[in-house]
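What follows is the content of input09.cif, which has mmCIF, C-alpha atoms and all ligand atoms:
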```
data_upload
#
loop_
_atom_site.label_atom_id
_atom_site.label_comp_id
_atom_site.auth_asym_id
_atom_site.auth_seq_id
_atom_site.Cartn_x
_atom_site.Cartn_y
_atom_site.Cartn_z
CA MET A 1 136.53 10.27 144.17
CA ASN A 2 140.10 11.12 143.33
CA SER A 3 140.90 14.56 144.71
CA GLU A 4 143.34 15.15 141.84
CA THR A 5 140.42 15.54 139.45
CA LEU A 6 139.08 18.39 141.55
CA ASN A 7 142.21 20.43 141.25
CA SER A 8 142.03 22.76 138.28
CA THR A 9 145.78 23.46 138.34
CA SER A 10 146.58 19.80 137.78
CA LEU A 11 143.88 19.66 135.10
CA ASN A 12 145.47 22.58 133.31
CA SER A 13 148.86 20.94 133.11
CA LYS A 14 147.40 17.65 131.90
CA PHE A 15 145.81 19.26 128.89
CA ALA A 16 148.38 21.82 127.95
CA THR A 17 147.22 21.93 124.32
CA SER A 18 143.95 23.55 125.31
CA GLN A 19 145.98 26.51 126.51
CA SER A 20 146.81 27.29 122.87
CA MET A 21 143.41 28.96 122.91
CA ASP A 22 143.30 32.06 125.06
CA THR A 23 140.16 31.16 127.00
CA ALA A 24 140.72 33.92 129.53
CA SER A 25 140.54 36.65 126.92
CA ILE A 26 137.57 34.97 125.27
CA ARG A 27 135.75 34.85 128.61
CA GLN A 28 136.37 38.58 129.00
CA GLN A 29 134.18 39.13 125.97
CA PHE A 30 131.12 37.43 127.51
CA PRO A 31 129.69 39.76 130.19
CA ILE A 32 127.24 37.22 131.63
CA LEU A 33 130.09 34.90 132.62
CA HIS A 34 131.15 37.47 135.19
CA ARG A 35 127.97 37.58 137.17
CA THR A 36 127.53 35.46 140.27
CA ILE A 37 124.73 32.96 140.70
CA ARG A 38 123.48 32.43 144.24
CA GLY A 39 126.70 34.01 145.40
CA LYS A 40 128.82 31.57 143.41
CA ARG A 41 130.92 31.85 140.28
CA LEU A 42 128.83 30.85 137.24
CA ALA A 43 129.88 27.58 135.60
CA TYR A 44 127.71 27.65 132.50
CA LEU A 45 127.60 24.10 131.11
CA ASP A 46 124.40 24.36 129.04
CA SER A 47 125.59 25.79 125.73
CA ALA A 48 123.82 23.05 123.75
CA ALA A 49 120.55 24.61 124.93
CA THR A 50 121.73 28.10 124.11
CA THR A 51 125.13 29.79 124.05
CA GLN A 52 126.00 32.99 125.85
CA LYS A 53 126.58 36.09 123.71
CA PRO A 54 129.80 38.04 123.27
CA GLN A 55 129.85 41.81 123.74
CA VAL A 56 130.12 42.39 119.96
CA VAL A 57 126.75 40.69 119.46
CA LEU A 58 125.17 42.72 122.25
CA ASN A 59 126.64 45.87 120.66
CA SER A 60 125.27 44.89 117.30
CA LEU A 61 121.71 44.62 118.67
CA GLN A 62 122.06 47.91 120.50
CA GLN A 63 123.54 49.64 117.48
CA TYR A 64 120.79 48.44 115.17
CA TYR A 65 118.03 49.77 117.40
CA SER A 66 119.81 52.98 118.35
CA GLN A 67 121.26 53.85 114.92
CA ILE A 68 119.54 52.19 111.97
CA ASN A 69 116.17 50.80 113.03
CA ALA A 70 113.96 50.68 109.92
CA ASN A 71 112.14 48.02 107.96
CA VAL A 72 114.07 46.22 105.24
CA HIS A 73 113.39 46.09 101.49
CA ARG A 74 110.50 48.52 101.75
CA GLY A 75 111.70 52.06 102.11
CA ILE A 76 113.70 54.32 99.88
CA HIS A 77 114.81 56.37 102.86
CA PHE A 78 118.32 56.37 104.28
CA LEU A 79 117.68 54.22 107.35
CA SER A 80 115.80 51.60 105.39
CA GLU A 81 118.63 51.40 102.90
CA GLN A 82 121.16 50.98 105.70
CA ALA A 83 119.06 48.33 107.43
CA SER A 84 118.54 46.48 104.13
CA GLN A 85 122.24 46.59 103.41
CA ALA A 86 123.18 45.26 106.86
CA TYR A 87 120.55 42.53 106.48
CA ALA A 88 121.94 41.53 103.08
CA GLU A 89 125.52 41.56 104.41
CA SER A 90 124.47 39.13 107.10
CA ARG A 91 123.28 36.74 104.41
CA THR A 92 126.67 36.95 102.72
CA THR A 93 128.29 36.17 106.08
CA VAL A 94 126.09 33.09 106.45
CA GLN A 95 127.04 32.07 102.92
CA LYS A 96 130.70 32.30 103.90
CA PHE A 97 130.11 30.48 107.19
CA LEU A 98 128.52 27.52 105.40
CA ASN A 99 130.57 27.86 102.23
CA ALA A 100 127.32 27.93 100.25
CA LYS A 101 127.66 28.51 96.55
CA GLU A 102 125.23 31.43 96.53
CA ALA A 103 123.85 33.78 99.18
CA ARG A 104 120.29 33.22 97.92
CA GLU A 105 120.58 29.61 99.10
CA CYS A 106 120.64 30.86 102.71
CA ILE A 107 117.15 31.57 104.04
CA PHE A 108 116.56 33.33 107.35
CA VAL A 109 113.99 31.53 109.46
CA ARG A 110 113.22 31.52 113.19
CA GLY A 111 115.56 28.65 113.99
CA THR A 112 116.31 25.01 113.27
CA THR A 113 112.78 24.02 114.24
CA GLU A 114 111.23 26.35 111.70
CA ALA A 115 113.76 25.34 109.03
CA ILE A 116 112.82 21.66 109.35
CA ASN A 117 109.10 22.46 109.48
CA LEU A 118 109.51 24.54 106.32
CA ILE A 119 111.07 21.65 104.44
CA ALA A 120 108.62 19.09 105.82
CA ARG A 121 105.77 21.35 104.73
CA CYS A 122 107.04 22.57 101.34
CA PHE A 123 109.05 19.53 100.20
CA GLY A 124 106.23 17.35 101.52
CA GLU A 125 103.62 19.23 99.52
CA ALA A 126 105.65 18.97 96.33
CA PHE A 127 107.22 15.53 96.52
CA VAL A 128 105.73 13.24 99.19
CA GLY A 129 102.59 11.21 98.53
CA PRO A 130 100.76 8.14 99.86
CA ASN A 131 103.07 5.20 100.67
CA ASP A 132 106.20 7.24 100.08
CA GLU A 133 108.83 6.96 102.77
CA ILE A 134 110.69 9.50 104.90
CA LEU A 135 113.83 8.29 106.63
CA ILE A 136 115.12 9.75 109.89
CA SER A 137 117.06 8.18 112.79
CA GLU A 138 116.30 7.12 116.34
CA MET A 139 118.61 9.78 117.77
CA GLU A 140 116.81 12.85 116.43
CA HIS A 141 115.71 15.89 118.40
CA HIS A 142 111.89 16.19 118.47
CA SER A 143 112.27 19.02 115.92
CA ASN A 144 113.49 16.46 113.41
CA ILE A 145 110.81 13.90 114.27
CA VAL A 146 107.49 15.64 114.82
CA PRO A 147 107.36 17.68 111.55
CA TRP A 148 107.94 14.43 109.61
CA GLN A 149 105.28 12.61 111.62
CA MET A 150 102.88 15.43 110.78
CA LEU A 151 103.81 15.20 107.11
CA ALA A 152 103.40 11.41 107.12
CA LYS A 153 99.94 11.81 108.63
CA ARG A 154 98.97 14.57 106.19
CA ASN A 155 100.15 12.83 103.04
CA GLY A 156 99.73 9.16 103.95
CA ALA A 157 103.48 8.55 103.89
CA LYS A 158 105.53 6.23 106.11
CA LEU A 159 108.18 7.32 108.57
CA LYS A 160 111.16 4.99 108.88
CA PHE A 161 114.12 5.03 111.24
CA ILE A 162 117.82 4.31 111.06
CA PRO A 163 118.36 2.27 114.25
CA LEU A 164 121.09 2.73 116.83
CA ASN A 165 123.91 0.56 118.08
CA PRO A 166 124.05 0.02 121.85
CA ASN A 167 127.00 2.45 122.07
CA GLY A 168 124.91 5.31 120.66
CA ASP A 169 126.28 5.32 117.12
CA LEU A 170 123.91 4.95 114.19
CA ASP A 171 123.60 1.37 113.00
CA LEU A 172 124.29 1.92 109.31
CA SER A 173 124.55 -1.75 108.39
CA ASN A 174 121.14 -1.70 106.67
CA LEU A 175 121.19 1.85 105.39
CA GLU A 176 121.24 0.76 101.78
CA GLU A 177 118.03 -1.25 102.23
CA LEU A 178 116.39 1.49 104.30
CA LEU A 179 116.96 3.89 101.41
CA SER A 180 114.28 2.36 99.20
CA GLU A 181 112.76 3.41 95.87
CA ARG A 182 109.96 4.97 97.90
CA THR A 183 112.26 7.10 100.10
CA LYS A 184 111.71 10.74 99.21
CA ILE A 185 114.00 12.38 101.76
CA LEU A 186 116.48 11.51 104.50
CA ALA A 187 116.65 13.89 107.47
CA ILE A 188 119.46 13.30 109.90
CA THR A 189 121.20 15.11 112.70
CA HIS A 190 124.88 16.02 112.32
CA VAL A 191 125.42 15.73 116.09
CA SER A 192 123.11 14.26 118.73
CA ASN A 193 121.97 16.94 121.17
CA ALA A 194 121.39 14.33 123.87
CA ILE A 195 124.54 12.17 123.85
CA GLY A 196 126.90 14.05 121.52
CA THR A 197 127.37 11.45 118.78
CA LEU A 198 129.05 12.96 115.72
CA ASN A 199 127.51 11.18 112.75
CA PRO A 200 129.39 10.27 109.55
CA ILE A 201 127.05 12.41 107.51
CA LYS A 202 129.24 12.73 104.42
CA MET A 203 129.15 8.98 103.94
CA ILE A 204 125.39 8.92 104.59
CA ILE A 205 124.76 11.76 102.13
CA ASP A 206 126.87 10.07 99.44
CA LEU A 207 125.01 6.80 99.87
CA ALA A 208 121.60 8.51 99.71
CA HIS A 209 122.69 10.36 96.57
CA THR A 210 123.62 7.12 94.79
CA LYS A 211 119.87 6.49 94.95
CA GLY A 212 118.91 10.05 94.06
CA ILE A 213 117.54 10.77 97.55
CA PRO A 214 118.00 14.31 98.94
CA VAL A 215 119.35 14.77 102.46
CA LEU A 216 118.52 17.36 105.11
CA VAL A 217 121.11 17.74 107.87
CA ASP A 218 120.06 19.14 111.26
CA GLY A 219 123.20 21.08 112.12
CA ALA A 220 121.96 22.72 115.35
CA GLN A 221 124.65 21.07 117.46
CA ALA A 222 127.37 20.99 114.81
CA ALA A 223 127.50 24.55 113.47
CA PRO A 224 128.76 26.06 116.75
CA HIS A 225 131.71 23.63 116.88
CA LEU A 226 132.70 22.51 113.39
CA LYS A 227 133.65 24.27 110.19
CA ILE A 228 130.68 23.53 107.96
CA ASP A 229 131.14 23.23 104.22
CA VAL A 230 127.80 22.48 102.58
CA GLN A 231 129.42 22.17 99.16
CA ALA A 232 131.92 19.57 100.35
CA LEU A 233 129.17 17.73 102.26
CA ASP A 234 126.96 18.03 99.19
CA CYS A 235 123.88 18.03 101.48
CA ASP A 236 120.66 19.30 99.94
CA PHE A 237 119.50 21.15 103.04
CA TYR A 238 121.35 22.23 106.20
CA THR A 239 119.88 23.96 109.23
CA PHE A 240 121.19 25.73 112.31
CA SER A 241 120.05 28.15 115.03
CA SER A 242 121.64 31.51 115.75
CA HIS A 243 121.17 31.27 119.51
CA LYS A 244 123.29 28.11 119.75
CA THR A 245 126.00 29.79 117.65
CA TYR A 246 126.67 32.83 119.89
CA GLY A 247 123.97 34.91 118.18
CA PRO A 248 120.57 36.12 119.42
CA THR A 249 117.36 34.08 119.65
CA GLY A 250 114.62 34.40 117.06
CA VAL A 251 116.64 33.61 113.96
CA GLY A 252 118.20 30.62 112.27
CA VAL A 253 119.23 29.48 108.84
CA LEU A 254 117.88 27.10 106.28
CA TYR A 255 120.44 26.38 103.59
CA GLY A 256 119.10 24.66 100.49
CA LYS A 257 120.60 23.96 97.10
CA ALA A 258 119.10 26.55 94.76
CA HIS A 259 117.62 23.97 92.41
CA TRP A 260 115.63 22.42 95.29
CA LEU A 261 114.48 25.72 96.78
CA GLU A 262 113.35 26.87 93.36
CA LYS A 263 111.19 23.77 92.95
CA LEU A 264 109.46 24.12 96.33
CA PRO A 265 106.23 26.03 96.88
CA PRO A 266 106.45 28.97 99.32
CA TYR A 267 106.02 28.36 103.04
CA GLN A 268 104.05 31.40 104.16
CA GLY A 269 102.30 34.06 102.13
CA GLY A 270 102.66 37.77 102.78
CA GLY A 271 104.80 40.80 102.11
CA ASP A 272 108.23 40.49 100.49
CA MET A 273 107.64 36.97 99.16
CA ILE A 274 105.68 38.24 96.16
CA LEU A 275 106.45 40.11 92.95
CA LYS A 276 102.87 40.84 91.97
CA VAL A 277 99.49 40.34 93.61
CA THR A 278 96.02 40.59 92.12
CA MET A 279 92.79 39.74 93.92
CA GLN A 280 92.90 36.29 92.33
CA GLU A 281 96.51 35.21 92.42
CA SER A 282 100.12 36.09 93.11
CA GLU A 283 103.46 35.82 91.42
CA TYR A 284 106.11 34.75 93.91
CA ASN A 285 109.41 36.48 94.48
CA GLN A 286 112.85 35.06 93.70
CA LEU A 287 115.04 33.28 96.24
CA PRO A 288 115.68 33.94 99.04
CA HIS A 289 112.66 36.29 99.46
CA LYS A 290 110.18 33.62 98.37
CA PHE A 291 110.71 32.00 101.80
CA GLU A 292 110.90 35.15 103.90
CA ALA A 293 107.34 36.46 104.15
CA GLY A 294 106.71 39.45 106.39
CA THR A 295 109.04 41.59 108.45
CA PRO A 296 111.95 39.42 109.55
CA SER A 297 113.81 39.50 112.84
CA ILE A 298 116.05 42.24 111.42
CA ALA A 299 118.18 43.04 114.46
CA ALA A 300 118.69 39.35 115.20
CA VAL A 301 119.68 38.60 111.59
CA ILE A 302 122.26 41.40 111.65
CA ALA A 303 123.59 40.30 115.05
CA LEU A 304 123.80 36.71 113.80
CA GLY A 305 126.16 37.99 111.12
CA THR A 306 128.24 39.60 113.87
CA ALA A 307 128.28 36.33 115.84
CA LEU A 308 129.40 34.31 112.83
CA ASN A 309 132.14 36.83 112.04
CA PHE A 310 133.22 36.64 115.68
CA LEU A 311 133.50 32.84 115.35
CA MET A 312 135.19 32.91 111.95
CA ASN A 313 137.82 35.33 113.26
CA LEU A 314 138.88 32.79 115.87
CA ASP A 315 141.00 29.70 115.33
CA ARG A 316 138.17 27.22 114.99
CA GLU A 317 140.43 24.20 115.06
CA ALA A 318 141.90 25.41 118.36
CA ILE A 319 138.36 25.82 119.72
CA ARG A 320 137.44 22.31 118.62
CA GLN A 321 140.54 20.94 120.30
CA HIS A 322 139.83 22.94 123.44
CA GLU A 323 136.25 21.64 123.63
CA GLU A 324 137.49 18.11 122.97
CA ASN A 325 139.95 18.43 125.86
CA LEU A 326 137.19 19.65 128.16
CA LEU A 327 135.04 16.71 127.14
CA GLN A 328 137.79 14.19 127.88
CA LEU A 329 138.47 15.85 131.18
CA THR A 330 134.79 15.67 132.11
CA GLU A 331 134.57 11.98 131.16
CA LYS A 332 137.58 11.26 133.33
CA MET A 333 136.22 13.30 136.23
CA LEU A 334 132.79 11.59 136.05
CA SER A 335 134.35 8.13 135.88
CA ASN A 336 135.73 8.71 139.37
CA PHE A 337 132.23 9.01 140.83
CA PRO A 338 130.57 5.79 141.99
CA GLY A 339 127.10 5.39 140.51
CA ILE A 340 127.62 7.73 137.56
CA GLN A 341 126.99 6.26 134.15
CA ILE A 342 127.78 8.19 130.99
CA ILE A 343 125.15 7.44 128.34
CA GLY A 344 126.55 5.84 125.21
CA SER A 345 130.13 5.53 124.07
CA PRO A 346 130.01 6.67 120.45
CA LYS A 347 133.17 6.61 118.32
CA GLN A 348 133.18 10.38 118.18
CA ARG A 349 131.44 12.76 120.55
CA LEU A 350 131.23 16.51 120.08
CA ALA A 351 131.18 19.04 122.91
CA LEU A 352 128.58 17.36 125.13
CA LEU A 353 127.73 14.26 127.10
CA SER A 354 124.88 12.99 129.27
CA PHE A 355 125.01 10.96 132.42
CA THR A 356 122.83 9.36 135.07
CA MET A 357 123.59 9.05 138.77
CA LYS A 358 122.23 5.89 140.33
CA GLY A 359 119.20 6.52 142.53
CA ILE A 360 119.12 10.29 141.93
CA HIS A 361 116.69 12.03 139.60
CA PRO A 362 118.34 14.32 137.00
CA HIS A 363 116.14 17.21 138.18
CA ASP A 364 117.48 16.79 141.73
CA ILE A 365 121.02 16.81 140.37
CA ALA A 366 120.37 19.97 138.35
CA SER A 367 118.81 21.80 141.31
CA ILE A 368 121.58 20.86 143.73
CA VAL A 369 124.41 21.81 141.38
CA ASP A 370 122.53 25.03 140.63
CA GLN A 371 123.05 25.97 144.29
CA GLU A 372 126.77 25.78 143.50
CA GLY A 373 126.48 28.08 140.46
CA VAL A 374 126.57 25.21 137.93
CA ALA A 375 124.11 25.36 135.03
CA LEU A 376 123.37 21.83 133.76
CA ARG A 377 120.52 20.51 131.64
CA ALA A 378 118.25 17.82 133.07
CA GLY A 379 115.48 15.85 131.42
CA HIS A 380 114.82 14.08 128.14
CA HIS A 381 116.57 16.78 126.05
CA CYS A 382 113.74 16.73 123.48
CA ALA A 383 114.92 13.30 122.41
CA MET A 384 112.43 10.94 124.06
CA PRO A 385 112.94 8.07 121.57
CA LEU A 386 116.68 8.14 122.31
CA MET A 387 116.01 8.12 126.07
CA ASP A 388 113.68 5.14 125.52
CA PHE A 389 116.43 3.38 123.59
CA PHE A 390 118.76 3.73 126.57
CA ALA A 391 115.88 2.87 128.94
CA VAL A 392 116.25 6.04 131.01
CA ASN A 393 113.60 8.66 131.82
CA GLY A 394 116.10 11.41 131.49
CA SER A 395 119.67 12.39 132.14
CA SER A 396 121.93 15.26 133.13
CA ARG A 397 123.74 16.90 130.24
CA VAL A 398 127.02 18.79 130.29
CA SER A 399 127.66 20.84 127.15
CA PHE A 400 130.46 23.19 126.24
CA GLY A 401 131.00 26.46 124.49
CA LEU A 402 134.29 28.04 123.52
CA TYR A 403 134.37 30.00 126.81
CA ASN A 404 134.35 27.01 129.15
CA ASN A 405 137.47 26.15 131.08
CA GLU A 406 138.90 23.63 133.51
CA GLU A 407 137.59 25.64 136.43
CA ASP A 408 134.02 24.97 135.24
CA ILE A 409 134.72 21.24 135.37
CA ALA A 410 136.32 21.44 138.79
CA GLN A 411 133.26 23.38 139.97
CA LEU A 412 130.99 20.71 138.53
CA ALA A 413 133.01 17.99 140.28
CA HIS A 414 132.66 19.85 143.57
CA ALA A 415 128.90 20.31 143.03
CA LEU A 416 128.44 16.62 142.21
CA GLN A 417 130.18 15.76 145.44
CA GLN A 418 127.54 17.85 147.23
CA VAL A 419 124.88 15.81 145.44
CA GLN A 420 126.46 12.58 146.61
CA THR A 421 126.79 13.84 150.15
CA LEU A 422 123.12 14.86 150.25
CA PHE A 423 121.99 11.52 148.86
CA LYS A 424 124.40 9.40 150.92
CA GLY A 425 123.10 5.90 151.51
CA ARG A 426 120.91 5.94 148.44
CA ILE A 427 123.60 5.07 145.95
N1 LIG B 501 117.93 19.98 116.54
C1 LIG B 501 118.84 19.80 117.49
C2 LIG B 501 119.88 18.73 117.31
C3 LIG B 501 118.85 20.62 118.62
O1 LIG B 501 119.78 20.44 119.57
C4 LIG B 501 117.87 21.63 118.74
C5 LIG B 501 117.82 22.52 119.97
N2 LIG B 501 117.96 21.87 121.18
C6 LIG B 501 116.95 21.79 117.72
C7 LIG B 501 117.00 20.95 116.64
C8 LIG B 501 115.90 22.86 117.78
O2 LIG B 501 116.51 24.10 117.73
P1 LIG B 501 115.68 25.45 117.99
O3 LIG B 501 114.97 25.25 119.28
O4 LIG B 501 116.73 26.50 118.06
O5 LIG B 501 114.76 25.61 116.83
#
```
Could I get this structure in the form of structure tokens?
Ligand code: PMP
Amino acid sequence: MNSETLNSTSLNSKFATSQSMDTASIRQQFPILHRTIRGKRLAYLDSAATTQKPQVVLNSLQQYYSQINANVHRGIHFLSEQASQAYAESRTTVQKFLNAKEARECIFVRGTTEAINLIARCFGEAFVGPNDEILISEMEHHSNIVPWQMLAKRNGAKLKFIPLNPNGDLDLSNLEELLSERTKILAITHVSNAIGTLNPIKMIIDLAHTKGIPVLVDGAQAAPHLKIDVQALDCDFYTFSSHKTYGPTGVGVLYGKAHWLEKLPPYQGGGDMILKVTMQESEYNQLPHKFEAGTPSIAAVIALGTALNFLMNLDREAIRQHEENLLQLTEKMLSNFPGIQIIGSPKQRLALLSFTMKGIHPHDIASIVDQEGVALRAGHHCAMPLMDFFAVNGSSRVSFGLYNNEEDIAQLAHALQQVQTLFKGRI
């Protein structure tokens, strides 16, 4: 391989625009990036699985538990009022982050997985019957496949798929026919978590709407990187996870247009989601409470608000450009390795890519680079149908967050050289 690609100084000068973002000062705000792993500097390249957390988010969690811990919506006392207010402010922050029309359209759930399950369950119960169709694509994460399979089984509906082109873009040539009179909902990912394809969702949403079909967008891999405007997209539902967006685990967001959410039955029964209960029946609460039964993940919700404010206070276009530069740099670096194949070549990729190394199992790659302090993802990435499409059992995935830099890529290049050295003769 070309030694130039290993040299982070030369990489820096090649992509001078990425320096417009002050990565060094951003990295300062993420304590975990300063620990060593097996005696090596940490090159964290697994942000698509979960992002690291900035100090402000850690402070927010600490502050909640040390200063205002109380249940929300239930107490008249001071702490409960403060906790309820912070919880409500977080919803307003989410509204701003997504540019939702109303805060009550933003429901706190456990994550993207729960958001999609909620819609599959509640929308399914209200609107999907025998022989109706649900349309998804072949590039979905299991979270956007399995809940629809379960619904199809439950209600006797049919699950259909938008196919893929060999380069890993959606094949939209037959989309109009796939959106039939029987299609009740289209659920599609904004960005593929396995190969990084950025889908033209606005066009897809508009086409579905010409036939009156609502669209759910799985935004788990888009929200951390793109400015999301649900009103401009005009999507009916949008989902994302806090932990992939610099916030804590245990919380995520389901956005839904108010008129849809109002029509859906509740997801779970319990406290907070009711206005009145008798022994025989219950009157359900208004949005958003109708979908938030029981004590929520209060600290995580509040810290999610902190994470989103942290992101919104940065120059998001500069971050996008920075991550794009890192991606191009990685593609170039990998192309210098014999036997490495990047999976797919979509028109637009966002912040991640996957590759295979001839003759070497992705798990072996991940364990060897781990010895060098590099955190990579290996496996099927919860997208087995997509792996089948590319006829691979799994792959190694590199994914970026706003804190990554050229040094991480140089470290990865060095670690991959170790892999090749160890497996010499097999590739
Ligand atoms: N959809 C996509 C595209 C994802 O990348 C993920 C997480 N890997 C999910 C859904 C599920 O997210 P979570 O595990 O946070 O619910």
Enumerate, as a short mmCIF file (atom, residue, chain, number, x, y, z; two decimals) with C-alpha atoms, keeping the file's coordinate frame, the protein, DNA and RNA residues whose atoms approach (121.6, 34.8, 113.6) to within 6 Å, taking into account only C-alpha atoms and the coordinate frame of the file.
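Listed below is the output, point38.cif:
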```
data_model
loop_
_atom_site.label_atom_id
_atom_site.label_comp_id
_atom_site.auth_asym_id
_atom_site.auth_seq_id
_atom_site.Cartn_x
_atom_site.Cartn_y
_atom_site.Cartn_z
CA SER A 242 121.64 31.51 115.75
CA GLY A 247 123.97 34.91 118.18
CA VAL A 251 116.64 33.61 113.96
CA GLY A 252 118.20 30.62 112.27
CA ALA A 300 118.69 39.35 115.20
CA VAL A 301 119.68 38.60 111.59
CA LEU A 304 123.80 36.71 113.80
#
```
* **Neighbour list for stretch 273-290 of chain A as a PyMOL selection string, cut-off 6 Å, all atoms listed in the file, skip fewer than 2 positions in-chain** => chain A and resi 104+107+271+292-293
* To do: Return as a ChimeraX atom specification every polymer residue, whether protein, DNA or RNA, with at least one atom no more than 10 Å from an atom of ligand LIG 501 (chain B); count all atoms listed in the file.
  => /A:47-50,109-117,139-145,188-194,196,217-222,239-245,249-253,381-383
Export, as a PDB file, in the coordinates of the input, the selected residues with C-alpha atoms.
```
ATOM      1  CA  SER A  47     125.590  25.790 125.730  1.00  0.00           C
ATOM      2  CA  ALA A  48     123.820  23.050 123.750  1.00  0.00           C
ATOM      3  CA  ALA A  49     120.550  24.610 124.930  1.00  0.00           C
ATOM      4  CA  THR A  50     121.730  28.100 124.110  1.00  0.00           C
ATOM      5  CA  VAL A 109     113.990  31.530 109.460  1.00  0.00           C
ATOM      6  CA  ARG A 110     113.220  31.520 113.190  1.00  0.00           C
ATOM      7  CA  GLY A 111     115.560  28.650 113.990  1.00  0.00           C
ATOM      8  CA  THR A 112     116.310  25.010 113.270  1.00  0.00           C
ATOM      9  CA  THR A 113     112.780  24.020 114.240  1.00  0.00           C
ATOM     10  CA  GLU A 114     111.230  26.350 111.700  1.00  0.00           C
ATOM     11  CA  ALA A 115     113.760  25.340 109.030  1.00  0.00           C
ATOM     12  CA  ILE A 116     112.820  21.660 109.350  1.00  0.00           C
ATOM     13  CA  ASN A 117     109.100  22.460 109.480  1.00  0.00           C
ATOM     14  CA  MET A 139     118.610   9.780 117.770  1.00  0.00           C
ATOM     15  CA  GLU A 140     116.810  12.850 116.430  1.00  0.00           C
ATOM     16  CA  HIS A 141     115.710  15.890 118.400  1.00  0.00           C
ATOM     17  CA  HIS A 142     111.890  16.190 118.470  1.00  0.00           C
ATOM     18  CA  SER A 143     112.270  19.020 115.920  1.00  0.00           C
ATOM     19  CA  ASN A 144     113.490  16.460 113.410  1.00  0.00           C
ATOM     20  CA  ILE A 145     110.810  13.900 114.270  1.00  0.00           C
ATOM     21  CA  ILE A 188     119.460  13.300 109.900  1.00  0.00           C
ATOM     22  CA  THR A 189     121.200  15.110 112.700  1.00  0.00           C
ATOM     23  CA  HIS A 190     124.880  16.020 112.320  1.00  0.00           C
ATOM     24  CA  VAL A 191     125.420  15.730 116.090  1.00  0.00           C
ATOM     25  CA  SER A 192     123.110  14.260 118.730  1.00  0.00           C
ATOM     26  CA  ASN A 193     121.970  16.940 121.170  1.00  0.00           C
ATOM     27  CA  ALA A 194     121.390  14.330 123.870  1.00  0.00           C
ATOM     28  CA  GLY A 196     126.900  14.050 121.520  1.00  0.00           C
ATOM     29  CA  VAL A 217     121.110  17.740 107.870  1.00  0.00           C
ATOM     30  CA  ASP A 218     120.060  19.140 111.260  1.00  0.00           C
ATOM     31  CA  GLY A 219     123.200  21.080 112.120  1.00  0.00           C
ATOM     32  CA  ALA A 220     121.960  22.720 115.350  1.00  0.00           C
ATOM     33  CA  GLN A 221     124.650  21.070 117.460  1.00  0.00           C
ATOM     34  CA  ALA A 222     127.370  20.990 114.810  1.00  0.00           C
ATOM     35  CA  THR A 239     119.880  23.960 109.230  1.00  0.00           C
ATOM     36  CA  PHE A 240     121.190  25.730 112.310  1.00  0.00           C
ATOM     37  CA  SER A 241     120.050  28.150 115.030  1.00  0.00           C
ATOM     38  CA  SER A 242     121.640  31.510 115.750  1.00  0.00           C
ATOM     39  CA  HIS A 243     121.170  31.270 119.510  1.00  0.00           C
ATOM     40  CA  LYS A 244     123.290  28.110 119.750  1.00  0.00           C
ATOM     41  CA  THR A 245     126.000  29.790 117.650  1.00  0.00           C
ATOM     42  CA  THR A 249     117.360  34.080 119.650  1.00  0.00           C
ATOM     43  CA  GLY A 250     114.620  34.400 117.060  1.00  0.00           C
ATOM     44  CA  VAL A 251     116.640  33.610 113.960  1.00  0.00           C
ATOM     45  CA  GLY A 252     118.200  30.620 112.270  1.00  0.00           C
ATOM     46  CA  VAL A 253     119.230  29.480 108.840  1.00  0.00           C
ATOM     47  CA  HIS A 381     116.570  16.780 126.050  1.00  0.00           C
ATOM     48  CA  CYS A 382     113.740  16.730 123.480  1.00  0.00           C
ATOM     49  CA  ALA A 383     114.920  13.300 122.410  1.00  0.00           C
TER      50      ALA A 383
END
```
* To do: Give the answer as one residue: which of A:Ile302, A:Ala378, A:Glu324, A:Ala187 has the shortest atom-to-atom distance to A:Gln62, using only C-alpha atoms?
  =>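 Smallest separation from A:Gln62 among the options: A:Ile302.
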* Asked: Contacts of A:Leu175 at 10 Å or less, counting all atoms listed in the file, minus same-chain residues fewer than 2 places along, as a ChimeraX atom specification?
  -> /A:135,161-163,170-173,177-180,204,207-208
* Asked: What does the distance from atom CA of A:Thr356 to atom CA of A:Leu329 come to in Å, to one decimal?
  ->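 Distance reported for this atom pair: 17.4 Å.
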* Asked: atom CA of A:Glu372 and atom CA of A:Leu402 are how many Å apart?
  ->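 Atom-to-atom, atom CA of A:Glu372 and atom CA of A:Leu402 are spaced 21.5 Å apart.
Compared by their closest atoms to A:Val56, and using all atoms listed in the file, the residues A:Gly39, A:Gly75, A:Pro248, A:Pro266 rank with A:Pro248 nearest.
With distances taken over all atoms listed in the file, A:Ser396 is the one residue among A:Ser396, A:Gly294, A:Met312, A:Trp260 lying closest to A:Ile342.
Take the candidates A:Asp236, A:Gly129, A:Arg182, A:Glu138 and check each one against A:Ile205 using all atoms listed in the file; the shortest distance goes to A:Asp236.
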* Asked: atom CA of A:Gln231 and atom CA of A:Gln149, how far apart in Å?
  ->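 Answer for the atom CA of A:Gln149 to atom CA of A:Gln231 separation: 28.8 Å.
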* **Nearest candidate to A:Gly212 (options A:Asp229, A:Asp234, A:Glu181, A:Gln371; using only C-alpha atoms)** =>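 The shortest atom-to-atom distance to A:Gly212 comes from A:Glu181.
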* **Who sits within 10 Å of A:Asn309, all atoms listed in the file, same chain under 3 positions skipped, as a list in words** => Val56, Val57, Ser90, Thr93, Val94, Lys96, Phe97, Ala303, Leu304, Gly305, Thr306, Met312, Asn313 and Leu314 of chain A
